[in-house]
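As stored in structure_2.json (JSON, N, CA and C atoms):
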[["chain", "number", "residue", "atom", "x", "y", "z"],
["M", 1, "MET", "N", 26.90, 17.39, -6.02],
["M", 1, "MET", "CA", 25.84, 16.86, -5.19],
["M", 1, "MET", "C", 24.62, 17.78, -5.31],
["M", 2, "MET", "N", 23.44, 17.17, -5.37],
["M", 2, "MET", "CA", 22.19, 17.90, -5.53],
["M", 2, "MET", "C", 21.56, 18.15, -4.17],
["M", 3, "HIS", "N", 21.04, 19.36, -3.96],
["M", 3, "HIS", "CA", 20.36, 19.70, -2.72],
["M", 3, "HIS", "C", 18.89, 19.99, -3.01],
["M", 4, "THR", "N", 18.01, 19.49, -2.17],
["M", 4, "THR", "CA", 16.59, 19.75, -2.32],
["M", 4, "THR", "C", 16.26, 21.07, -1.65],
["M", 5, "ALA", "N", 15.64, 21.97, -2.42],
["M", 5, "ALA", "CA", 15.29, 23.28, -1.88],
["M", 5, "ALA", "C", 13.94, 23.25, -1.16],
["M", 6, "VAL", "N", 13.02, 22.47, -1.67],
["M", 6, "VAL", "CA", 11.69, 22.39, -1.08],
["M", 6, "VAL", "C", 11.16, 20.97, -1.20],
["M", 7, "GLY", "N", 10.13, 20.68, -0.46],
["M", 7, "GLY", "CA", 9.43, 19.41, -0.59],
["M", 7, "GLY", "C", 7.93, 19.68, -0.52],
["M", 8, "TRP", "N", 7.19, 18.90, -1.24],
["M", 8, "TRP", "CA", 5.73, 19.02, -1.23],
["M", 8, "TRP", "C", 5.15, 17.74, -0.64],
["M", 9, "HIS", "N", 4.10, 17.90, 0.13],
["M", 9, "HIS", "CA", 3.37, 16.75, 0.66],
["M", 9, "HIS", "C", 1.96, 16.81, 0.09],
["M", 10, "VAL", "N", 1.55, 15.75, -0.55],
["M", 10, "VAL", "CA", 0.21, 15.66, -1.12],
["M", 10, "VAL", "C", -0.63, 14.79, -0.21],
["M", 11, "GLU", "N", -1.82, 15.26, 0.10],
["M", 11, "GLU", "CA", -2.74, 14.49, 0.94],
["M", 11, "GLU", "C", -3.90, 14.02, 0.08],
["M", 12, "LEU", "N", -4.31, 12.78, 0.29],
["M", 12, "LEU", "CA", -5.49, 12.21, -0.37],
["M", 12, "LEU", "C", -6.42, 11.68, 0.69],
["M", 13, "GLU", "N", -7.69, 12.03, 0.59],
["M", 13, "GLU", "CA", -8.71, 11.50, 1.48],
["M", 13, "GLU", "C", -9.82, 10.89, 0.65],
["M", 14, "PHE", "N", -10.40, 9.80, 1.15],
["M", 14, "PHE", "CA", -11.42, 9.08, 0.40],
["M", 14, "PHE", "C", -12.71, 8.98, 1.21],
["M", 15, "LYS", "N", -13.82, 9.00, 0.48],
["M", 15, "LYS", "CA", -15.14, 8.70, 1.04],
["M", 15, "LYS", "C", -15.76, 7.66, 0.13],
["M", 16, "GLU", "N", -16.35, 6.63, 0.75],
["M", 16, "GLU", "CA", -16.86, 5.52, -0.05],
["M", 16, "GLU", "C", -18.21, 5.04, 0.45],
["M", 17, "ASP", "N", -18.99, 4.52, -0.49],
["M", 17, "ASP", "CA", -20.14, 3.70, -0.16],
["M", 17, "ASP", "C", -20.03, 2.45, -1.04],
["M", 18, "ASP", "N", -21.07, 1.67, -1.15],
["M", 18, "ASP", "CA", -20.98, 0.42, -1.92],
["M", 18, "ASP", "C", -20.80, 0.63, -3.42],
["M", 19, "GLN", "N", -21.16, 1.79, -3.92],
["M", 19, "GLN", "CA", -21.12, 2.03, -5.37],
["M", 19, "GLN", "C", -20.16, 3.13, -5.82],
["M", 20, "HIS", "N", -19.79, 4.03, -4.92],
["M", 20, "HIS", "CA", -19.02, 5.22, -5.32],
["M", 20, "HIS", "C", -17.83, 5.47, -4.39],
["M", 21, "THR", "N", -16.78, 6.01, -4.98],
["M", 21, "THR", "CA", -15.62, 6.46, -4.21],
["M", 21, "THR", "C", -15.30, 7.88, -4.65],
["M", 22, "SER", "N", -15.11, 8.76, -3.68],
["M", 22, "SER", "CA", -14.69, 10.13, -3.94],
["M", 22, "SER", "C", -13.32, 10.33, -3.33],
["M", 23, "ALA", "N", -12.47, 11.07, -4.03],
["M", 23, "ALA", "CA", -11.14, 11.38, -3.52],
["M", 23, "ALA", "C", -10.95, 12.89, -3.53],
["M", 24, "ALA", "N", -10.34, 13.40, -2.49],
["M", 24, "ALA", "CA", -9.98, 14.81, -2.40],
["M", 24, "ALA", "C", -8.46, 14.88, -2.26],
["M", 25, "ALA", "N", -7.82, 15.64, -3.13],
["M", 25, "ALA", "CA", -6.37, 15.80, -3.10],
["M", 25, "ALA", "C", -6.03, 17.23, -2.70],
["M", 26, "LEU", "N", -4.96, 17.38, -1.93],
["M", 26, "LEU", "CA", -4.53, 18.69, -1.46],
["M", 26, "LEU", "C", -3.01, 18.72, -1.45],
["M", 27, "VAL", "N", -2.44, 19.80, -1.97],
["M", 27, "VAL", "CA", -1.01, 20.04, -1.84],
["M", 27, "VAL", "C", -0.83, 21.45, -1.28],
["M", 28, "ARG", "N", 0.00, 21.57, -0.25],
["M", 28, "ARG", "CA", 0.34, 22.87, 0.33],
["M", 28, "ARG", "C", 1.70, 23.26, -0.22],
["M", 29, "LEU", "N", 1.76, 24.42, -0.84],
["M", 29, "LEU", "CA", 3.00, 24.88, -1.47],
["M", 29, "LEU", "C", 3.81, 25.72, -0.50],
["M", 30, "PRO", "N", 5.11, 25.83, -0.73],
["M", 30, "PRO", "CA", 5.97, 26.58, 0.19],
["M", 30, "PRO", "C", 5.57, 28.04, 0.39],
["M", 31, "ASP", "N", 4.85, 28.63, -0.59],
["M", 31, "ASP", "CA", 4.42, 30.03, -0.44],
["M", 31, "ASP", "C", 3.17, 30.16, 0.43],
["M", 32, "GLY", "N", 2.68, 29.03, 0.95],
["M", 32, "GLY", "CA", 1.50, 29.05, 1.81],
["M", 32, "GLY", "C", 0.20, 28.80, 1.08],
["M", 33, "SER", "N", 0.22, 28.78, -0.24],
["M", 33, "SER", "CA", -1.00, 28.54, -0.99],
["M", 33, "SER", "C", -1.31, 27.04, -1.01],
["M", 34, "GLU", "N", -2.57, 26.74, -1.27],
["M", 34, "GLU", "CA", -3.02, 25.36, -1.36],
["M", 34, "GLU", "C", -3.71, 25.15, -2.70],
["M", 35, "VAL", "N", -3.52, 23.98, -3.26],
["M", 35, "VAL", "CA", -4.21, 23.60, -4.49],
["M", 35, "VAL", "C", -4.99, 22.33, -4.16],
["M", 36, "ARG", "N", -6.26, 22.32, -4.53],
["M", 36, "ARG", "CA", -7.15, 21.20, -4.22],
["M", 36, "ARG", "C", -7.78, 20.66, -5.50],
["M", 37, "ALA", "N", -8.09, 19.38, -5.48],
["M", 37, "ALA", "CA", -8.75, 18.75, -6.63],
["M", 37, "ALA", "C", -9.56, 17.55, -6.14],
["M", 38, "HIS", "N", -10.44, 17.08, -7.01],
["M", 38, "HIS", "CA", -11.33, 15.96, -6.65],
["M", 38, "HIS", "C", -11.39, 14.94, -7.77],
["M", 39, "GLY", "N", -11.67, 13.71, -7.40],
["M", 39, "GLY", "CA", -11.88, 12.64, -8.37],
["M", 39, "GLY", "C", -12.95, 11.70, -7.87],
["M", 40, "ARG", "N", -13.59, 11.00, -8.81],
["M", 40, "ARG", "CA", -14.67, 10.08, -8.45],
["M", 40, "ARG", "C", -14.52, 8.78, -9.23],
["M", 41, "ALA", "N", -15.03, 7.72, -8.66],
["M", 41, "ALA", "CA", -15.12, 6.43, -9.33],
["M", 41, "ALA", "C", -16.45, 5.80, -8.96],
["M", 42, "SER", "N", -17.03, 5.08, -9.91],
["M", 42, "SER", "CA", -18.30, 4.38, -9.67],
["M", 42, "SER", "C", -18.12, 2.91, -10.04],
["M", 43, "ARG", "N", -18.66, 2.05, -9.21],
["M", 43, "ARG", "CA", -18.60, 0.62, -9.47],
["M", 43, "ARG", "C", -19.85, 0.19, -10.23],
["M", 44, "HIS", "N", -19.65, -0.53, -11.30],
["M", 44, "HIS", "CA", -20.78, -1.09, -12.03],
["M", 44, "HIS", "C", -21.43, -2.16, -11.16],
["M", 45, "ARG", "N", -22.71, -2.26, -11.21],
["M", 45, "ARG", "CA", -23.44, -3.15, -10.30],
["M", 45, "ARG", "C", -23.05, -4.62, -10.42],
["M", 46, "ILE", "N", -22.51, -5.05, -11.56],
["M", 46, "ILE", "CA", -22.12, -6.46, -11.70],
["M", 46, "ILE", "C", -20.66, -6.71, -11.31],
["M", 47, "ASP", "N", -19.88, -5.64, -11.05],
["M", 47, "ASP", "CA", -18.48, -5.81, -10.64],
["M", 47, "ASP", "C", -18.39, -6.16, -9.17],
["M", 48, "ALA", "N", -17.33, -6.87, -8.82],
["M", 48, "ALA", "CA", -17.08, -7.21, -7.41],
["M", 48, "ALA", "C", -16.79, -5.93, -6.63],
["M", 49, "ASN", "N", -17.15, -5.94, -5.36],
["M", 49, "ASN", "CA", -16.89, -4.78, -4.49],
["M", 49, "ASN", "C", -15.42, -4.81, -4.08],
["M", 50, "GLN", "N", -14.61, -3.94, -4.69],
["M", 50, "GLN", "CA", -13.18, -3.85, -4.42],
["M", 50, "GLN", "C", -12.83, -2.40, -4.07],
["M", 51, "PRO", "N", -12.98, -2.03, -2.81],
["M", 51, "PRO", "CA", -12.76, -0.63, -2.42],
["M", 51, "PRO", "C", -11.40, -0.08, -2.84],
["M", 52, "ARG", "N", -10.35, -0.91, -2.79],
["M", 52, "ARG", "CA", -9.02, -0.43, -3.14],
["M", 52, "ARG", "C", -8.97, 0.03, -4.60],
["M", 53, "VAL", "N", -9.64, -0.69, -5.49],
["M", 53, "VAL", "CA", -9.67, -0.33, -6.90],
["M", 53, "VAL", "C", -10.38, 1.02, -7.07],
["M", 54, "GLY", "N", -11.49, 1.21, -6.38],
["M", 54, "GLY", "CA", -12.18, 2.50, -6.44],
["M", 54, "GLY", "C", -11.31, 3.63, -5.95],
["M", 55, "GLU", "N", -10.54, 3.38, -4.88],
["M", 55, "GLU", "CA", -9.61, 4.39, -4.36],
["M", 55, "GLU", "C", -8.53, 4.72, -5.38],
["M", 56, "GLU", "N", -8.01, 3.68, -6.04],
["M", 56, "GLU", "CA", -6.96, 3.92, -7.04],
["M", 56, "GLU", "C", -7.47, 4.77, -8.20],
["M", 57, "ILE", "N", -8.67, 4.45, -8.67],
["M", 57, "ILE", "CA", -9.23, 5.21, -9.80],
["M", 57, "ILE", "C", -9.57, 6.63, -9.38],
["M", 58, "ALA", "N", -10.30, 6.78, -8.28],
["M", 58, "ALA", "CA", -10.67, 8.12, -7.81],
["M", 58, "ALA", "C", -9.43, 8.93, -7.45],
["M", 59, "GLY", "N", -8.45, 8.29, -6.81],
["M", 59, "GLY", "CA", -7.21, 8.97, -6.44],
["M", 59, "GLY", "C", -6.44, 9.42, -7.67],
["M", 60, "ALA", "N", -6.34, 8.56, -8.67],
["M", 60, "ALA", "CA", -5.64, 8.93, -9.91],
["M", 60, "ALA", "C", -6.33, 10.10, -10.60],
["M", 61, "ARG", "N", -7.65, 10.10, -10.60],
["M", 61, "ARG", "CA", -8.39, 11.21, -11.23],
["M", 61, "ARG", "C", -8.18, 12.51, -10.45],
["M", 62, "ALA", "N", -8.16, 12.42, -9.13],
["M", 62, "ALA", "CA", -7.91, 13.61, -8.31],
["M", 62, "ALA", "C", -6.49, 14.14, -8.55],
["M", 63, "LEU", "N", -5.51, 13.24, -8.61],
["M", 63, "LEU", "CA", -4.13, 13.67, -8.84],
["M", 63, "LEU", "C", -3.95, 14.25, -10.24],
["M", 64, "ASN", "N", -4.66, 13.69, -11.22],
["M", 64, "ASN", "CA", -4.62, 14.25, -12.58],
["M", 64, "ASN", "C", -5.17, 15.67, -12.58],
["M", 65, "GLU", "N", -6.31, 15.87, -11.91],
["M", 65, "GLU", "CA", -6.88, 17.21, -11.82],
["M", 65, "GLU", "C", -5.94, 18.14, -11.07],
["M", 66, "LEU", "N", -5.30, 17.64, -10.02],
["M", 66, "LEU", "CA", -4.34, 18.43, -9.25],
["M", 66, "LEU", "C", -3.19, 18.88, -10.15],
["M", 67, "ALA", "N", -2.70, 17.99, -10.99],
["M", 67, "ALA", "CA", -1.63, 18.33, -11.93],
["M", 67, "ALA", "C", -2.07, 19.45, -12.87],
["M", 68, "MET", "N", -3.29, 19.36, -13.37],
["M", 68, "MET", "CA", -3.79, 20.40, -14.28],
["M", 68, "MET", "C", -3.95, 21.74, -13.56],
["M", 69, "GLU", "N", -4.40, 21.70, -12.31],
["M", 69, "GLU", "CA", -4.52, 22.93, -11.51],
["M", 69, "GLU", "C", -3.14, 23.57, -11.29],
["M", 70, "LEU", "N", -2.13, 22.74, -11.03],
["M", 70, "LEU", "CA", -0.78, 23.27, -10.84],
["M", 70, "LEU", "C", -0.22, 23.86, -12.13],
["M", 71, "LEU", "N", -0.51, 23.22, -13.27],
["M", 71, "LEU", "CA", -0.08, 23.79, -14.55],
["M", 71, "LEU", "C", -0.75, 25.14, -14.81],
["M", 72, "THR", "N", -2.03, 25.23, -14.51],
["M", 72, "THR", "CA", -2.75, 26.50, -14.68],
["M", 72, "THR", "C", -2.16, 27.57, -13.77],
["M", 73, "LYS", "N", -1.87, 27.21, -12.54],
["M", 73, "LYS", "CA", -1.27, 28.16, -11.59],
["M", 73, "LYS", "C", 0.09, 28.64, -12.11],
["M", 74, "ALA", "N", 0.89, 27.71, -12.61],
["M", 74, "ALA", "CA", 2.21, 28.07, -13.15],
["M", 74, "ALA", "C", 2.07, 29.01, -14.34],
["M", 75, "HIS", "N", 1.12, 28.72, -15.23],
["M", 75, "HIS", "CA", 0.87, 29.60, -16.37],
["M", 75, "HIS", "C", 0.53, 31.02, -15.93],
["M", 76, "GLU", "N", -0.37, 31.12, -14.96],
["M", 76, "GLU", "CA", -0.78, 32.44, -14.48],
["M", 76, "GLU", "C", 0.41, 33.20, -13.88],
["M", 77, "GLU", "N", 1.27, 32.48, -13.16],
["M", 77, "GLU", "CA", 2.44, 33.13, -12.56],
["M", 77, "GLU", "C", 3.44, 33.57, -13.63],
["M", 78, "ILE", "N", 3.62, 32.74, -14.66],
["M", 78, "ILE", "CA", 4.50, 33.13, -15.78],
["M", 78, "ILE", "C", 3.94, 34.37, -16.47],
["M", 79, "ASP", "N", 2.65, 34.36, -16.75],
["M", 79, "ASP", "CA", 2.01, 35.50, -17.43],
["M", 79, "ASP", "C", 2.10, 36.77, -16.60],
["M", 80, "ASP", "N", 1.85, 36.65, -15.29],
["M", 80, "ASP", "CA", 1.93, 37.82, -14.42],
["M", 80, "ASP", "C", 3.34, 38.39, -14.36],
["M", 81, "ALA", "N", 4.33, 37.53, -14.30],
["M", 81, "ALA", "CA", 5.71, 37.98, -14.19],
["M", 81, "ALA", "C", 6.24, 38.56, -15.50],
["M", 82, "SER", "N", 5.78, 38.01, -16.63],
["M", 82, "SER", "CA", 6.31, 38.44, -17.93],
["M", 82, "SER", "C", 5.49, 39.52, -18.59],
["M", 83, "GLY", "N", 4.23, 39.67, -18.16],
["M", 83, "GLY", "CA", 3.35, 40.65, -18.78],
["M", 83, "GLY", "C", 2.85, 40.23, -20.15],
["M", 84, "ARG", "N", 2.97, 38.97, -20.46],
["M", 84, "ARG", "CA", 2.47, 38.45, -21.74],
["M", 84, "ARG", "C", 1.86, 37.08, -21.54],
["M", 85, "THR", "N", 1.21, 36.56, -22.58],
["M", 85, "THR", "CA", 0.61, 35.24, -22.50],
["M", 85, "THR", "C", 1.66, 34.19, -22.84],
["M", 86, "SER", "N", 1.82, 33.22, -21.97],
["M", 86, "SER", "CA", 2.82, 32.18, -22.18],
["M", 86, "SER", "C", 2.31, 31.09, -23.10],
["M", 87, "HIS", "N", 3.23, 30.31, -23.62],
["M", 87, "HIS", "CA", 2.87, 29.16, -24.45],
["M", 87, "HIS", "C", 2.27, 28.08, -23.55],
["M", 88, "PRO", "N", 1.34, 27.31, -24.08],
["M", 88, "PRO", "CA", 0.73, 26.25, -23.27],
["M", 88, "PRO", "C", 1.79, 25.27, -22.74],
["M", 89, "ILE", "N", 1.59, 24.85, -21.51],
["M", 89, "ILE", "CA", 2.43, 23.81, -20.91],
["M", 89, "ILE", "C", 1.66, 22.51, -21.07],
["M", 90, "ASN", "N", 2.19, 21.62, -21.86],
["M", 90, "ASN", "CA", 1.48, 20.36, -22.12],
["M", 90, "ASN", "C", 2.01, 19.25, -21.24],
["M", 91, "MET", "N", 1.11, 18.33, -20.94],
["M", 91, "MET", "CA", 1.51, 17.14, -20.18],
["M", 91, "MET", "C", 1.77, 16.01, -21.13]]
Turn the structure described in the file into structure tokens.
Amino acid sequence: MMHTAVGWHVELEFKEDDQHTSAAALVRLPDGSEVRAHGRASRHRIDANQPRVGEEIAGARALNELAMELLTKAHEEIDDASGRTSHPINM
């Protein structure tokens, strides 16, 4: 049987107007540190106003940036612990 040692909660917040959507992503890690990222989406003037679509795009971009920030953090921790430069972690 598998036991979960930790859980992460990711928060996404959105700000919107008629043309733009911004997303802010935040994850609080068990060590107390926080990683934050942002994403944006813009609606072309001839497209229908669909706020949910803007949220999905901006949210996905914020989560993608969050993933890259977490990979960078992991790299730095590997390097600090090993005293050498680690191999790139690819997505």
Residues of stretch 35-86 of chain M at most 5 Å from stretch 10-29 of chain M: nearest atom pair and distance in Å, only N, CA and C atoms, as a tab-separated table:
residue	atom	partner	partner_atom	distance
M:Val35	N	M:Val27	C	4.2
M:Arg36	CA	M:Ala25	C	4.4
M:Ala37	C	M:Ala25	N	4.0
M:His38	CA	M:Ala23	C	4.4
M:Gly39	C	M:Ala23	N	3.9
M:Arg40	CA	M:Thr21	C	4.4
M:Ala41	C	M:Thr21	N	4.0
M:Ser42	CA	M:Gln19	C	4.5
M:Arg43	N	M:Gln19	C	3.9
M:Ala58	C	M:Ala23	CA	4.9
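These are the residues of chain M assigned strand (DSSP E or B) by DSSP from backbone coordinates: Val10, Glu11, Leu12, Glu13, Phe14, Lys15, Glu16, His20, Thr21, Ser22, Ala23, Ala24, Ala25, Leu26, Val27, Arg28, Glu34, Val35, Arg36, Ala37, His38, Gly39, Arg40, Ala41 and Ser42 of chain M.
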request  = Would you please give, as a PyMOL selection string, all residues of chain M that DSSP assigns to helix (DSSP H, G or I) based on the backbone?
outcome  = chain M and resi 51-82
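Counting from atom CA of M:Ala67, the distance to atom CA of M:Ile89 is 11.3 Å.
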If I take atom N of M:His75 and atom CA of M:His87, how far is one from the other in Å, to one decimal?
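About the pair atom N of M:His75 and atom CA of M:His87: they are 9.4 Å apart.
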*asked:* If I take atom CA of M:Glu34 and atom CA of M:Glu77, how far is one from the other in Å, to one decimal?
replied: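 Straight-line distance from atom CA of M:Glu34 to atom CA of M:Glu77 works out to 14.7 Å.
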Taking every listed atom of stretch 68-76 of chain M and adding 5 Å to each side, what centre and edge lengths in Å (one decimal) does the axis-aligned box have, as AutoDock Vina command-line options?
--center_x -1.2 --center_y 26.3 --center_z -13.6 --size_x 16.7 --size_y 23.8 --size_z 15.5
